[in-house]
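Worksheet for the structure shown next.
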Amino acid sequence: MALFLKILEKGDRLDEVVMVDLGDEYQATYDTLLYAASICLKEKIKFTVLSIPETEEYRKLKAVTGTDLGMFEFMVFAHKKQNGCKGYGWCGKRRWGTAIKRQLLNNYYQSLERFVIEYVGIAADEVQRIDIKPHKNYAKSYPLIKWGMTEEDCLKYCYQHGVQWWQSGIRLYDILDRVSCQHCQQKNLKELRNIKKYLPELWESFKQWQEIISFPYRSDGSTIHDLEKRFDCEVMQISLFDVGLETSIEVEAIK
Ligand code: SF4
């Protein structure tokens, strides 16, 4: 969003905005993209949404079971893999969703039949993420790095422009380091704790997903259910400590 707003502010050329919607975004992300789409409409910039196309396997399952799974969830739980097992499970350590995203973008660029310059929103303090590989039909450009805008600068800039990712009464960047896919396996303990506390419905869905996915959420072997117990214990310990603290303060006062 910072890259998009800054390009517009500088009056640089922007022909099209392409969003890849894997189907597991936060509501706040969809709201933000709607805002971006409205700006594109006003500025006469093409706005394109790419999503995972339905496969024959998915259509068959739908015809038989009437499933209302989206394609992302279908890949998580039901897609039959080459080894015969069902579902890719959590995405984040094995980044199968990222591979799909790259493939969708690449197919789209190849379909345009002209050379494309892709502006990528990698910030000045994450240069290790840039991709210098040559690509057929397109090249990547990293304007945020050229402008020296760090991740923190970008967030500040978005906030100043009224883009704050509000959801359920909180700003997502106040509780998350990154607003990625909702069920991304790359979330750290702080983010997971905050999701349990501030986005309880999402936490419930994490538990439901874990019941179906055959491997644990974390690479140390912890499942979402283990994490739930851990976080509940932490809350109990904190409240016991609070009671202890209050009692000792009262004793002090009586003395
Ligand atoms: S954000 Fe996470 S879940 Fe989404 S595609 Fe990337 S690695 Fe996968």
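By convention here, the chains of the structure tokens are called A, B, ... in the order presented, each chain's residues are numbered starting at 1, and ligands are numbered starting at 1 in the order presented.
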
(request) Could I get the residue neighbourhood of ligand 1 at 6 Å, counting only C-alpha atoms and all ligand atoms, as a PyMOL selection string? (result) chain A and resi 91-92+95+97-98+180-181+184

(message) Run DSSP on the backbone and tell me which residues of stretch 105-192 of chain A come out as helix (DSSP H, G or I); list them as a PyMOL selection string.
(response) chain A and resi 105-111+127-129+143-146+151-160+172-175+189-192

Would you mind exporting the chosen residues as a PDB file, in the first residue's frame, restricted to C-alpha atoms?
ATOM      1  CA  LEU A 105       1.625 -13.878 -11.482  1.00  0.00           C
ATOM      2  CA  ASN A 106       4.037 -15.393 -13.970  1.00  0.00           C
ATOM      3  CA  ASN A 107       1.204 -16.847 -16.076  1.00  0.00           C
ATOM      4  CA  TYR A 108      -0.513 -13.479 -16.031  1.00  0.00           C
ATOM      5  CA  TYR A 109       2.598 -11.586 -17.162  1.00  0.00           C
ATOM      6  CA  GLN A 110       3.234 -14.094 -19.956  1.00  0.00           C
ATOM      7  CA  SER A 111      -0.373 -13.669 -21.129  1.00  0.00           C
ATOM      8  CA  VAL A 127      16.974  -5.980   0.751  1.00  0.00           C
ATOM      9  CA  GLN A 128      17.915  -9.617   1.345  1.00  0.00           C
ATOM     10  CA  ARG A 129      14.471 -10.463  -0.090  1.00  0.00           C
ATOM     11  CA  PRO A 143      11.201   1.647  -5.625  1.00  0.00           C
ATOM     12  CA  LEU A 144      10.916   1.566  -1.799  1.00  0.00           C
ATOM     13  CA  ILE A 145      14.596   0.605  -1.617  1.00  0.00           C
ATOM     14  CA  LYS A 146      15.499   3.430  -3.990  1.00  0.00           C
ATOM     15  CA  GLU A 151       9.150  -1.116   6.862  1.00  0.00           C
ATOM     16  CA  GLU A 152       8.531   1.282   9.729  1.00  0.00           C
ATOM     17  CA  ASP A 153       8.500   4.280   7.354  1.00  0.00           C
ATOM     18  CA  CYS A 154       5.997   2.464   5.133  1.00  0.00           C
ATOM     19  CA  LEU A 155       3.634   1.717   8.007  1.00  0.00           C
ATOM     20  CA  LYS A 156       3.857   5.303   9.239  1.00  0.00           C
ATOM     21  CA  TYR A 157       3.203   6.574   5.733  1.00  0.00           C
ATOM     22  CA  CYS A 158       0.129   4.332   5.355  1.00  0.00           C
ATOM     23  CA  TYR A 159      -1.215   5.429   8.749  1.00  0.00           C
ATOM     24  CA  GLN A 160      -0.725   9.073   7.761  1.00  0.00           C
ATOM     25  CA  LEU A 172      -3.716  -5.456  12.827  1.00  0.00           C
ATOM     26  CA  TYR A 173      -0.172  -4.072  12.841  1.00  0.00           C
ATOM     27  CA  ASP A 174      -0.530  -3.367  16.585  1.00  0.00           C
ATOM     28  CA  ILE A 175      -0.773  -7.111  17.254  1.00  0.00           C
ATOM     29  CA  LEU A 189       4.381 -16.779  19.539  1.00  0.00           C
ATOM     30  CA  LYS A 190       3.637 -13.117  20.198  1.00  0.00           C
ATOM     31  CA  GLU A 191       1.381 -12.940  17.140  1.00  0.00           C
ATOM     32  CA  LEU A 192      -0.396 -16.192  18.056  1.00  0.00           C
TER      33      LEU A 192
END

(request) Could you give me the residues within stretch 23-235 of chain A that DSSP places in strand (DSSP E), as number ranges by chain? (result) A: 46-51, 116-119, 138-141, 166-167, 170-171

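If only C-alpha atoms are the atoms counted, then among A:Met236, A:Leu199, A:Val76, A:Leu112 the closest residue to A:Phe215 is A:Val76.
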
(request) Compile the contact shell of A:Gln27 as a PyMOL selection string: residues with an atom at most 9 Å away, counting only C-alpha atoms, same-chain residues fewer than 5 positions apart removed. (result) chain A and resi 32+165-167

(message) If I take atom CA of A:Leu176 and atom CA of A:Ile195, how far is one from the other in Å, to one decimal?
(response) 8.4 Å
